[in-house]
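Participant: Before I ask anything, here is the structure I am working with.
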Amino acid sequence: MADEPTSKQPEKRPETSEGQPPARETSAQKPAEKPAGEKPVPPKKEAPPAWPKPLDNEMVRRFRQRFGDAILDALEDRKQAILVVAAERLREIAEYARDEEQFDMLTDLTAVDWPKREKRFDLVVNLYSFPRNERLRLKAAVGEHDQPPSLAPVWAAANWLERECFDMFGIRFEGHPDLRRILLPDEWVGHPLRKDYDILQQDTAWVRENLGIESGQ
Amino acid sequence: MDAVVEFLKPHLLPLLWAVVIVAVLPLVAGYIVLLERKVMADIQARLGPMRVGPHGLLQPIADALKLLLKEDIIPANADKWIFWIAPLISVTAAMLALSAMPFGPVFQIADLNVGLLFIVAVSSLGIFGIVLGGWSSNSHYALLGALRSAAQVVSYEVAVGMALVSGLLLAGTLSMRKMVEAQAEQGVWFAFLVPVGFFIYLVAGIAELNRAPFDLPEAESELVAGYMTEYSGFRWALYFLGEYTAMIVVSGIGTTLFLGGWLRPFPNVAAFDFLDYLPAVLFLALTGYCFYRAPKQPVPIQKAVMGLFGVLCLGITAALGWAVTLPAEAVARAGILGAFWFLAKVFLFLYSFMWFRFTFPRYRFDQLMRLGWHFLIPVSLVNVMGVGAALVLHRQAGWPLWQGLVLGTVVTLAVAAWLILVRQRRPVAAPSAGGEV
Amino acid sequence: MAETPTRHVHFPGMDTTVLGADEIIINMGPQHPSTHGVLRVKLHLDGEKVIGSECIIGYLHRGVEKIAEHRSYQQFAPYVDRMDYVAAVSNGLGYCEAVEKLLEVEVPPRAKVVRTILTELQRIASHLLWLGTHALDIGALTPIFYCFREREEILKIFEKYCGARLTTHAFRIGGLQYEVYDGFEEDVKRFLADFDRKIDEYEALLTTNRIWVERTKGIGVLSAQDAIALGVTGPVLRASGVKWDIRKAFPYAAYDRYDFEIPVGSNGDTYDRYLVRMEEMRQSRRICLQAIEDIPSGPILGKVGKVMKPAPGEVYHSIEAPKGELGYYIVSDGTTQPYRVRIRPPSFINLQAFDTMVRGHLVADVVAIIGTIDIVLGEVDR
Amino acid sequence: MVEQFTFYFFAALAVISAVLVVTVRNAVYSAVFLITTLLATAGIFLQLRAEFLFVVQIILYVGGIMVLFVFVVMLVDLDVALRQVQFNRQKWVALLVVLAVAGQLVFALALGSEALGLPAAAPESLEPNTESVGLRLFESYMLPFEIASILLLVAMIGAVLLGKRQKPPRSEA
Amino acid sequence: MIPTSHYLYLALALFTIGVLGVLTRRNVIIILMSIELILNAVNINLVAFARHFGSVDGQIFAIFVVTAAAAEAAIGLGIIIAFFRNRETVLADEMDMLKW
């Protein structure tokens, strides 16, 4: 039983376009140093320990057993455990992690933008367990117009973190009690941490509007 | 016309004193501010103002100039008239209270036979300046500060009054002058006869002055500057003047009623007569220091200022020295030495106010109210009853007065201890932290 | 009857109906002397009692995370100093260690020990600043000057070491930027020698002071359960009774070599947080004393190239900054620039607990509670 | 001469500010003018050689009662109230009635003052200071004094009860 | 010297103004203040007569009047506060219900 999910794992990986070299996107501003190719980087450095290693331990097995297909992948990167999960079931998984696996603290919640992917955002949830002194990272791919479930009912800490995530990436969390911008003013246009948000453009627009001159940048 | 002249004749000296007080008070207040800053600096391991004049001696004048020249800003939505008049009420009330204050046996504008009540009454008008100023500013901070202030002053007035009554019972008069005379007769300051009353007066007096640790109406970390948030420039300076004058008034009442007014320590003991020379010697030392430091100042003008202060001190020394040489019954001798001792005691009060301010954190408003109503007022009531009982025992049963007073003090302290214990046993008011989330 | 005037007020996460006549909304900040920077707090008051609050932040937002995506790994290092600018060394340590983890380079022991010393000194400096301002907010005017007197000594050590006092950028990815200066040990030892007595001095002013105790005991209580749910870390968490310190849980730098205690509170109130931080200063001194006695010799920089190209992948690394868990989540795409840097700011997350802590208290307690969380707006807003 | 000046000055001040108390729109201004009236009255007490009453007037009336008034005016202060009509509908009738009563009283006074010997200057010699007031108060008027203190106690308790807020906001009002 | 009748005329003026205020104003607080004016007029009378007859009794009565005024103000203002809390008005002619 426990083996089954593990065997599935290799098939799943390519689908989720897990994230490392293949999916490396290029933001507009830095065309110079992007290798852009399929996998040119790993060979260049002489055989780096291809870090995202598959992870298979008791805990992962328990997760798989419980959630089956919703656990898309289990990885280890720099000795840190990562579970790639389906965004729709994120809240269930989080609740399970909190209640059954003792991951009682939400350390951090953020996102990474991969514009070229089909689901452009990776939602990254960092958990910590006091009793086990262990960290666990949950990752879920979220499309631009997807509404992942909010974790605020699970951990109160998620409230502001999700607001920040919404502010910076424009990810709308379903069921969040008060989803507003937090760091930027309410009338701000755009979501700055998206890769297609150009700081220069922002800057020149502001200068043109408020100072009435062309920005020198 | 003649009538006016006739009327003025007996009032010439008081009028002169009044003019002196009005003219000198702002300067004195300025220098009390400087003193406060220096004391603060000393407590806080730093130097304080050092730039304007030698050791910052001209700082008050620079500050006054700056405040005078500042723009007089009245907020757009403020109630102009009241905003304009409120600081004046504060200053006037405080200054008026000085009119019955005996700065010595001679230097007193008027000795009313309700002197103490008059001072208390008039200085209680000062809160209108605060309340109206806070209201007219049309700002939440100012309004909250003003309301706090009103509540605080009104509640501590009771404790102050009761503490004063305990002293008054011993003095048997309301006249400021006769109070001092009563202490001269008894040969002991009332602070030693009713220590609890004195202590309560000190604490409640600080609270009435809105000074730390009871400075909630202007708690800068909570209400910015309280009722004076919207004030600036000269109007603000008037509030400050009013506040420091009120400090002098409170100190003056305390000095007169509890610390023997213009009497020197041990007024009736001939062995301590040498204390009469102390003022002159003190100022001589100060003169010496000024002249010694003057050449060491870096800038010529600072040398000059330091020298000037030396000359000033020398003048005071001369006056004090001359007074000592006069025969004991001379008016000038009593007047000058009395003024010195009175002012010295007032400064003792002022210093302790400053000392408390820089040592204690600030009370919270409800704690302040609790302290006033649940502790100071009951204790002061018991204290008054104790003093009254001692007096009755003294007059009716012939007990020595001091025995009764010691008994009364012991009872009062016991009640105070009981109150503290009761308060401690009750859980500290932790207003349902986050209960409703 | 229908005439009872009611108004609906919106709080984050809840709707409350209150009697209109009793409620006022007061706006603290962003220009307010005790919001520790440009924090703006909207308080819903019933008289002087707080019935709800809303923190409005972002006035200092500089887009640090966005900047990171446009700088090389080394170039970004000075930026992190500008987040928690009263504990720049700690920020730098966290960032450097995170990148080192990503690069998988080993830092020489000498560098590790010096890093530990400087970081602990920085913790003391940060706590001193906190103590001074916190006491000032509660109305004790004097401790801040004592605190600054000692903090100055620490800043002088920093200045002598790297030339900067505040935004030090003291470390380099892979080790240290500079060798310690001559007399470093003596300076640190001299500072530590009577620092213990200085802490006693602060405590003499505050710990048993009746007013201080009344102002802080039972104020801003945060239960351990709430603290964990809110993700609160650092002294605030420990004061709630959770014995957790990253220096012990996931030892980094050279902390595994030294003996020290984790002070824990029991009530989770402002007074406990005060005691915890005071004790932390003593423990920091203890760590420094052990470390300064025995700085290993050897190189100060590990094997890192001039051009840093970490293998693609991601890493989360956190340290125990003075304010709590300071985490860096860095995603590399194999180039010289990080693909994404996420900073987990302890102040930001701890500040979220403010609303829980402040409800039911009085306005005067608001400043005590803001002070006790120990926020730096540069870090909250990034 | 000085005596006259003092009296007429304070009397004029009292009357003018009393008129302003009832005519001014803003309740805070009313309170300020009432304070002025009370202080002017205190001045008249002083001129009547009633020093103790002068002080009582200032401490109790101005320093106590009026602070209370100002406090309440500020708590209750409504911008709405300022814009509403300040006088009620019967104002003209009221004015008429009051003037009639005032006229009658003036008439009575003018007639009666001769008979009562009122125009005569009051005796100078009265030396009523604090002691005599106190002695009289605690000797002849002991019972009223105690009753007054009970009255104050009752008033205090009543005020506390009234000021106390009912915990559950009443739904049926 | 000032004849006693002048004091009475002054008291009369204040009394009249006070009554006028009570009868015409709508704001309850100002009505209360007008009542204070009336009491004050009474006090002037009492003190003037005290002087006129060379006895302290009038002053004693004035003290009692002040006491009564204090009690009245405390209760009156307490009622106003309580009423305002429930009704958000301080206008006398809107206080036309015998319950709240």
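Chain labels run A, B, ... following the order of the structure tokens; each chain numbers its residues from 1, and ligands are numbered from 1 in the order shown.
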Counting only C-alpha atoms, which residues of chain A come no farther than 6 Å from chain C, as a short mmCIF file (atom, residue, chain, number, x, y, z; two decimals) with N, CA, C and O atoms, in the first residue's frame?

Facilitator:
data_model
loop_
_atom_site.label_atom_id
_atom_site.label_comp_id
_atom_site.auth_asym_id
_atom_site.auth_seq_id
_atom_site.Cartn_x
_atom_site.Cartn_y
_atom_site.Cartn_z
N GLN A 20 12.29 23.46 -11.27
CA GLN A 20 13.66 23.90 -11.35
C GLN A 20 14.02 24.25 -12.80
O GLN A 20 13.25 24.91 -13.45
N MET A 105 2.58 25.11 13.99
CA MET A 105 2.80 26.53 13.70
C MET A 105 2.98 26.76 12.21
O MET A 105 3.72 26.05 11.54
N LEU A 106 2.28 27.77 11.73
CA LEU A 106 2.48 28.22 10.36
C LEU A 106 3.61 29.24 10.41
O LEU A 106 3.45 30.34 10.93
N THR A 107 4.76 28.85 9.89
CA THR A 107 5.89 29.76 9.95
C THR A 107 5.77 30.84 8.90
O THR A 107 5.98 32.02 9.18
N TRP A 155 -4.81 28.39 10.68
CA TRP A 155 -3.86 29.12 11.51
C TRP A 155 -4.21 30.61 11.43
O TRP A 155 -4.28 31.17 10.32
N ALA A 156 -4.39 31.23 12.56
CA ALA A 156 -4.71 32.66 12.55
C ALA A 156 -3.61 33.45 11.87
O ALA A 156 -3.83 34.52 11.31
N ALA A 157 -2.40 32.91 11.94
CA ALA A 157 -1.26 33.63 11.38
C ALA A 157 -1.41 33.85 9.88
O ALA A 157 -0.80 34.76 9.32
N PRO A 177 -11.08 36.02 5.65
CA PRO A 177 -12.04 36.93 6.28
C PRO A 177 -11.91 38.39 5.81
O PRO A 177 -12.88 39.13 5.91
N ASP A 178 -10.79 38.77 5.34
CA ASP A 178 -10.61 40.21 5.12
C ASP A 178 -9.51 40.41 4.09
O ASP A 178 -8.44 40.92 4.39
N LEU A 183 0.35 45.86 2.40
CA LEU A 183 1.52 46.73 2.41
C LEU A 183 1.36 47.91 1.46
O LEU A 183 1.84 49.00 1.74
N LEU A 184 0.69 47.66 0.36
CA LEU A 184 0.54 48.73 -0.63
C LEU A 184 -0.79 49.45 -0.40
O LEU A 184 -1.70 48.91 0.20
N LEU A 193 5.13 41.58 -7.10
CA LEU A 193 6.07 40.47 -7.12
C LEU A 193 5.82 39.51 -8.28
O LEU A 193 6.49 38.50 -8.40
#

Participant: I need the residues of region 56-143 of chain B that end up classed as alpha helix (DSSP H) by DSSP on the backbone, written out as a ChimeraX atom specification.

Facilitator: /B:59-69,80-97,115-124,126-136,140-143

Participant: For region 327-329 of chain B, work out the shell of residues within 12 Å, counting only C-alpha atoms and skipping chain neighbours fewer than 5 positions away, then give it as a ChimeraX atom specification.

Facilitator: /B:105,273,276,322,334-335,337

Participant: Work out how far apart CA of Phe214 (chain B) and CA of Leu34 (chain B) are and give it in Å to one decimal.

Facilitator: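 Calculated distance between CA of Phe214 (chain B) and CA of Leu34 (chain B) is 21.4 Å.
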
Participant: Could you give me, as CSV, every chain D residue with an atom at most 6 Å from chain B, plus its closest atom pair and distance in Å to one decimal, counting only C-alpha atoms, rows ordered by chain then number?

Facilitator:
residue,atom,partner,partner_atom,distance
D:Val55,CA,B:Phe118,CA,5.8
D:Ile58,CA,B:Ala121,CA,5.7
D:Ile59,CA,B:Ala121,CA,4.7
D:Gly63,CA,B:Ser124,CA,5.7

Participant: Any idea what's packed within 6 Å of Leu83 (chain A), counting only C-alpha atoms, ignoring anything in its chain fewer than 4 positions away? Could you give it as a PyMOL selection string?

Facilitator: chain A and resi 73-74+138
